[in-house]
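Listing of upload_26.pdb, PDB, C-alpha atoms
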ATOM      1  CA  MET A   1     -21.994 -56.069 -34.097  1.00  0.00           C
ATOM      2  CA  PRO A   2     -21.814 -54.761 -30.484  1.00  0.00           C
ATOM      3  CA  ARG A   3     -20.473 -51.300 -29.815  1.00  0.00           C
ATOM      4  CA  LYS A   4     -17.374 -51.103 -27.529  1.00  0.00           C
ATOM      5  CA  LEU A   5     -15.779 -48.210 -25.686  1.00  0.00           C
ATOM      6  CA  ALA A   6     -12.863 -48.821 -23.327  1.00  0.00           C
ATOM      7  CA  ILE A   7     -11.080 -46.143 -21.316  1.00  0.00           C
ATOM      8  CA  VAL A   8      -8.041 -47.127 -19.271  1.00  0.00           C
ATOM      9  CA  LEU A   9      -6.300 -44.716 -16.865  1.00  0.00           C
ATOM     10  CA  SER A  10      -2.791 -45.690 -15.930  1.00  0.00           C
ATOM     11  CA  GLY A  11      -0.567 -42.659 -15.583  1.00  0.00           C
ATOM     12  CA  ALA A  12      -2.000 -41.406 -18.885  1.00  0.00           C
ATOM     13  CA  LEU A  13      -5.330 -41.583 -20.609  1.00  0.00           C
ATOM     14  CA  TRP A  14      -5.751 -44.148 -23.367  1.00  0.00           C
ATOM     15  CA  LEU A  15      -8.810 -44.238 -25.474  1.00  0.00           C
ATOM     16  CA  THR A  16      -9.732 -47.141 -27.655  1.00  0.00           C
ATOM     17  CA  LEU A  17     -12.723 -46.824 -29.833  1.00  0.00           C
ATOM     18  CA  GLY A  18     -14.017 -49.829 -31.694  1.00  0.00           C
ATOM     19  CA  GLY A  19     -17.127 -49.870 -33.790  1.00  0.00           C
ATOM     20  CA  CYS A  20     -18.645 -46.677 -32.309  1.00  0.00           C
ATOM     21  CA  ASP A  21     -20.762 -44.275 -34.272  1.00  0.00           C
ATOM     22  CA  ARG A  22     -19.516 -40.720 -34.822  1.00  0.00           C
ATOM     23  CA  SER A  23     -21.521 -39.083 -32.024  1.00  0.00           C
ATOM     24  CA  THR A  24     -20.231 -41.601 -29.466  1.00  0.00           C
ATOM     25  CA  GLN A  25     -16.692 -41.100 -30.730  1.00  0.00           C
ATOM     26  CA  GLY A  26     -17.142 -37.323 -30.517  1.00  0.00           C
ATOM     27  CA  ARG A  27     -18.366 -37.486 -26.909  1.00  0.00           C
ATOM     28  CA  ALA A  28     -15.509 -39.828 -26.029  1.00  0.00           C
ATOM     29  CA  ARG A  29     -13.005 -37.393 -27.530  1.00  0.00           C
ATOM     30  CA  GLU A  30     -14.587 -34.519 -25.580  1.00  0.00           C
ATOM     31  CA  ARG A  31     -14.371 -36.507 -22.352  1.00  0.00           C
ATOM     32  CA  GLU A  32     -10.791 -37.427 -23.157  1.00  0.00           C
ATOM     33  CA  ALA A  33      -9.961 -33.752 -23.742  1.00  0.00           C
ATOM     34  CA  GLU A  34     -11.668 -32.781 -20.465  1.00  0.00           C
ATOM     35  CA  ALA A  35      -9.805 -35.529 -18.596  1.00  0.00           C
ATOM     36  CA  ARG A  36      -6.481 -34.378 -20.079  1.00  0.00           C
ATOM     37  CA  GLN A  37      -7.215 -30.791 -19.020  1.00  0.00           C
ATOM     38  CA  LYS A  38      -8.080 -31.904 -15.498  1.00  0.00           C
ATOM     39  CA  ILE A  39      -4.906 -33.988 -15.279  1.00  0.00           C
ATOM     40  CA  LYS A  40      -2.838 -31.062 -16.571  1.00  0.00           C
ATOM     41  CA  LYS A  41      -4.457 -28.702 -14.039  1.00  0.00           C
ATOM     42  CA  LEU A  42      -3.837 -31.165 -11.202  1.00  0.00           C
ATOM     43  CA  GLY A  43      -0.207 -31.445 -12.306  1.00  0.00           C
ATOM     44  CA  ASN A  44       0.187 -27.665 -12.384  1.00  0.00           C
ATOM     45  CA  ASP A  45      -1.467 -27.346  -8.968  1.00  0.00           C
ATOM     46  CA  ALA A  46       0.862 -30.001  -7.563  1.00  0.00           C
ATOM     47  CA  LYS A  47       3.899 -28.193  -9.016  1.00  0.00           C
ATOM     48  CA  GLU A  48       2.778 -24.901  -7.482  1.00  0.00           C
ATOM     49  CA  GLN A  49       2.216 -26.533  -4.087  1.00  0.00           C
ATOM     50  CA  ALA A  50       5.667 -28.135  -4.327  1.00  0.00           C
ATOM     51  CA  ARG A  51       7.241 -24.737  -5.131  1.00  0.00           C
ATOM     52  CA  LYS A  52       5.503 -23.126  -2.151  1.00  0.00           C
ATOM     53  CA  LEU A  53       6.530 -25.949   0.149  1.00  0.00           C
ATOM     54  CA  ASP A  54      10.126 -25.749  -1.083  1.00  0.00           C
ATOM     55  CA  HIS A  55      10.130 -22.005  -0.427  1.00  0.00           C
ATOM     56  CA  ASP A  56       8.679 -22.466   3.070  1.00  0.00           C
ATOM     57  CA  ILE A  57      11.247 -25.123   3.909  1.00  0.00           C
ATOM     58  CA  ALA A  58      14.077 -22.939   2.637  1.00  0.00           C
ATOM     59  CA  GLN A  59      12.875 -20.034   4.776  1.00  0.00           C
ATOM     60  CA  THR A  60      12.630 -22.251   7.852  1.00  0.00           C
ATOM     61  CA  VAL A  61      15.887 -24.133   7.429  1.00  0.00           C
ATOM     62  CA  GLN A  62      18.220 -21.416   6.224  1.00  0.00           C
ATOM     63  CA  PRO A  63      19.335 -19.034   8.930  1.00  0.00           C
ATOM     64  CA  ASP A  64      19.171 -15.344   8.261  1.00  0.00           C
ATOM     65  CA  SER A  65      22.611 -14.469   6.897  1.00  0.00           C
ATOM     66  CA  GLY A  66      22.566 -11.152   8.745  1.00  0.00           C
ATOM     67  CA  GLN A  67      21.990 -12.857  12.081  1.00  0.00           C
ATOM     68  CA  ALA A  68      24.663 -15.455  11.388  1.00  0.00           C
ATOM     69  CA  SER A  69      27.140 -12.733  10.442  1.00  0.00           C
ATOM     70  CA  ALA A  70      26.351 -10.746  13.596  1.00  0.00           C
ATOM     71  CA  LYS A  71      26.866 -13.839  15.761  1.00  0.00           C
ATOM     72  CA  LEU A  72      30.244 -14.489  14.145  1.00  0.00           C
ATOM     73  CA  ASP A  73      31.249 -10.856  14.583  1.00  0.00           C
ATOM     74  CA  ASN A  74      30.265 -10.964  18.271  1.00  0.00           C
ATOM     75  CA  ALA A  75      32.172 -14.217  18.792  1.00  0.00           C
ATOM     76  CA  ALA A  76      35.301 -12.791  17.144  1.00  0.00           C
ATOM     77  CA  LEU A  77      35.049  -9.610  19.205  1.00  0.00           C
ATOM     78  CA  LEU A  78      34.592 -11.660  22.386  1.00  0.00           C
ATOM     79  CA  ALA A  79      37.743 -13.665  21.630  1.00  0.00           C
ATOM     80  CA  LYS A  80      39.760 -10.476  20.998  1.00  0.00           C
ATOM     81  CA  VAL A  81      38.557  -8.858  24.232  1.00  0.00           C
ATOM     82  CA  LYS A  82      39.346 -11.983  26.283  1.00  0.00           C
ATOM     83  CA  ALA A  83      42.835 -12.181  24.786  1.00  0.00           C
ATOM     84  CA  LYS A  84      43.470  -8.470  25.446  1.00  0.00           C
ATOM     85  CA  LEU A  85      42.293  -8.741  29.058  1.00  0.00           C
ATOM     86  CA  ALA A  86      44.454 -11.810  29.642  1.00  0.00           C
ATOM     87  CA  SER A  87      47.555 -10.117  28.238  1.00  0.00           C
ATOM     88  CA  ASP A  88      47.049  -6.648  29.756  1.00  0.00           C
ATOM     89  CA  VAL A  89      45.297  -7.312  33.085  1.00  0.00           C
ATOM     90  CA  GLY A  90      46.293 -10.918  33.826  1.00  0.00           C
ATOM     91  CA  LEU A  91      44.755 -14.370  33.598  1.00  0.00           C
ATOM     92  CA  SER A  92      43.700 -14.495  37.241  1.00  0.00           C
ATOM     93  CA  THR A  93      41.532 -11.411  36.728  1.00  0.00           C
ATOM     94  CA  VAL A  94      39.944 -12.724  33.536  1.00  0.00           C
ATOM     95  CA  LYS A  95      38.771 -15.887  35.308  1.00  0.00           C
ATOM     96  CA  ASN A  96      36.401 -13.814  37.445  1.00  0.00           C
ATOM     97  CA  VAL A  97      35.161 -11.580  34.608  1.00  0.00           C
ATOM     98  CA  ASN A  98      32.234 -12.363  32.316  1.00  0.00           C
ATOM     99  CA  ILE A  99      32.382 -10.623  28.969  1.00  0.00           C
ATOM    100  CA  ASP A 100      29.303 -10.062  26.809  1.00  0.00           C
ATOM    101  CA  THR A 101      29.415  -8.562  23.329  1.00  0.00           C
ATOM    102  CA  ARG A 102      26.530  -7.212  21.317  1.00  0.00           C
ATOM    103  CA  ASP A 103      26.770  -4.915  18.324  1.00  0.00           C
ATOM    104  CA  SER A 104      30.307  -3.756  19.178  1.00  0.00           C
ATOM    105  CA  VAL A 105      29.341  -2.994  22.794  1.00  0.00           C
ATOM    106  CA  VAL A 106      31.279  -4.932  25.438  1.00  0.00           C
ATOM    107  CA  THR A 107      29.844  -5.479  28.905  1.00  0.00           C
ATOM    108  CA  LEU A 108      32.165  -6.546  31.716  1.00  0.00           C
ATOM    109  CA  ARG A 109      30.599  -8.288  34.718  1.00  0.00           C
ATOM    110  CA  GLY A 110      32.086 -10.133  37.667  1.00  0.00           C
ATOM    111  CA  THR A 111      34.634  -9.325  40.326  1.00  0.00           C
ATOM    112  CA  VAL A 112      38.164  -7.910  40.466  1.00  0.00           C
ATOM    113  CA  GLY A 113      40.525  -7.350  43.378  1.00  0.00           C
ATOM    114  CA  SER A 114      40.971  -3.574  43.109  1.00  0.00           C
ATOM    115  CA  GLU A 115      39.798  -0.352  41.471  1.00  0.00           C
ATOM    116  CA  MET A 116      42.985  -0.381  39.409  1.00  0.00           C
ATOM    117  CA  GLN A 117      42.122  -3.828  37.954  1.00  0.00           C
ATOM    118  CA  ARG A 118      38.599  -2.590  37.238  1.00  0.00           C
ATOM    119  CA  GLN A 119      39.940   0.425  35.306  1.00  0.00           C
ATOM    120  CA  ASP A 120      42.630  -1.662  33.555  1.00  0.00           C
ATOM    121  CA  ALA A 121      39.986  -4.139  32.385  1.00  0.00           C
ATOM    122  CA  GLU A 122      37.815  -1.342  30.999  1.00  0.00           C
ATOM    123  CA  ARG A 123      40.768   0.329  29.288  1.00  0.00           C
ATOM    124  CA  ALA A 124      41.982  -2.927  27.751  1.00  0.00           C
ATOM    125  CA  ALA A 125      38.526  -3.771  26.413  1.00  0.00           C
ATOM    126  CA  SER A 126      38.097  -0.294  24.921  1.00  0.00           C
ATOM    127  CA  GLN A 127      41.414  -0.624  23.041  1.00  0.00           C
ATOM    128  CA  VAL A 128      40.230  -3.669  21.074  1.00  0.00           C
ATOM    129  CA  SER A 129      39.525  -2.939  17.424  1.00  0.00           C
ATOM    130  CA  GLY A 130      35.765  -3.031  16.770  1.00  0.00           C
ATOM    131  CA  VAL A 131      34.685  -2.076  20.297  1.00  0.00           C
ATOM    132  CA  THR A 132      32.606   1.115  20.278  1.00  0.00           C
ATOM    133  CA  LYS A 133      31.590   1.180  23.947  1.00  0.00           C
ATOM    134  CA  VAL A 134      32.468  -0.614  27.203  1.00  0.00           C
ATOM    135  CA  VAL A 135      29.902  -1.053  29.961  1.00  0.00           C
ATOM    136  CA  ASN A 136      31.849  -1.740  33.147  1.00  0.00           C
ATOM    137  CA  GLU A 137      29.740  -3.546  35.751  1.00  0.00           C
ATOM    138  CA  LEU A 138      32.724  -5.072  37.558  1.00  0.00           C
ATOM    139  CA  LYS A 139      32.520  -5.226  41.361  1.00  0.00           C
ATOM    140  CA  ILE A 140      35.525  -4.927  43.637  1.00  0.00           C
ATOM    141  CA  THR A 141      36.061  -7.665  46.201  1.00  0.00           C
ATOM    142  CA  PRO A 142      39.365  -7.464  48.100  1.00  0.00           C
TER     143      PRO A 142
END

Let me see the file written as structure tokens.
Amino acid sequence: MPRKLAIVLSGALWLTLGGCDRSTQGRAREREAEARQKIKKLGNDAKEQARKLDHDIAQTVQPDSGQASAKLDNAALLAKVKAKLASDVGLSTVKNVNIDTRDSVVTLRGTVGSEMQRQDAERAASQVSGVTKVVNELKITP
């Protein structure tokens, strides 16, 4: 009777032994065990690579919450300063004034019609809640 040994790999390892002597069966079982260990190791390696990739993607895609918060704070402060300048100094003045905010510091740039408007703009900006310093770079053009 002929000896048969068939190994089929299809997602899992199947071992069919038919008419083999004990030493052949033993070697086949050892090879099967080795193959299962290799498959398990490959699966674990793939899982670890997937975890690392997921972490890298998360770090790349998700913005730093501190930076996002700072940007929102600056935007809110900018809106408050613009509103205060419009109400206290006048809309026509605000049109010629650029306002920058960074870490509670407001910088005023642009042109105004008089020294009084320049001082009023600085005073109004400094009265806004959250402003710690005003840098007045406004130029006077009559």

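You will find CA of Val112 in chain A at 10.3 Å from CA of Val89 in chain A.
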
Among A:Leu53, A:Val128, A:Ala121, A:Leu138, Ala76 in chain A is approached most closely, using only C-alpha atoms, by A:Val128

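With distances taken over all atoms listed in the file, A:Val81 is the one residue among A:Val81, A:Leu72, A:Val134, A:Met116 lying closest to Val94 in chain A.
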
Chain and number of each residue from the PyMOL selection byres ((chain A and resi 104) around 12), as a PyMOL selection string:
chain A and resi 70-78+80-81+100-103+105-107+125-126+128-135

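Proximity to Thr111 in chain A was assessed for A:Thr141, A:Ser23, A:Gln127, A:Gln37 counting all atoms listed in the file; the smallest distance is recorded for A:Thr141.
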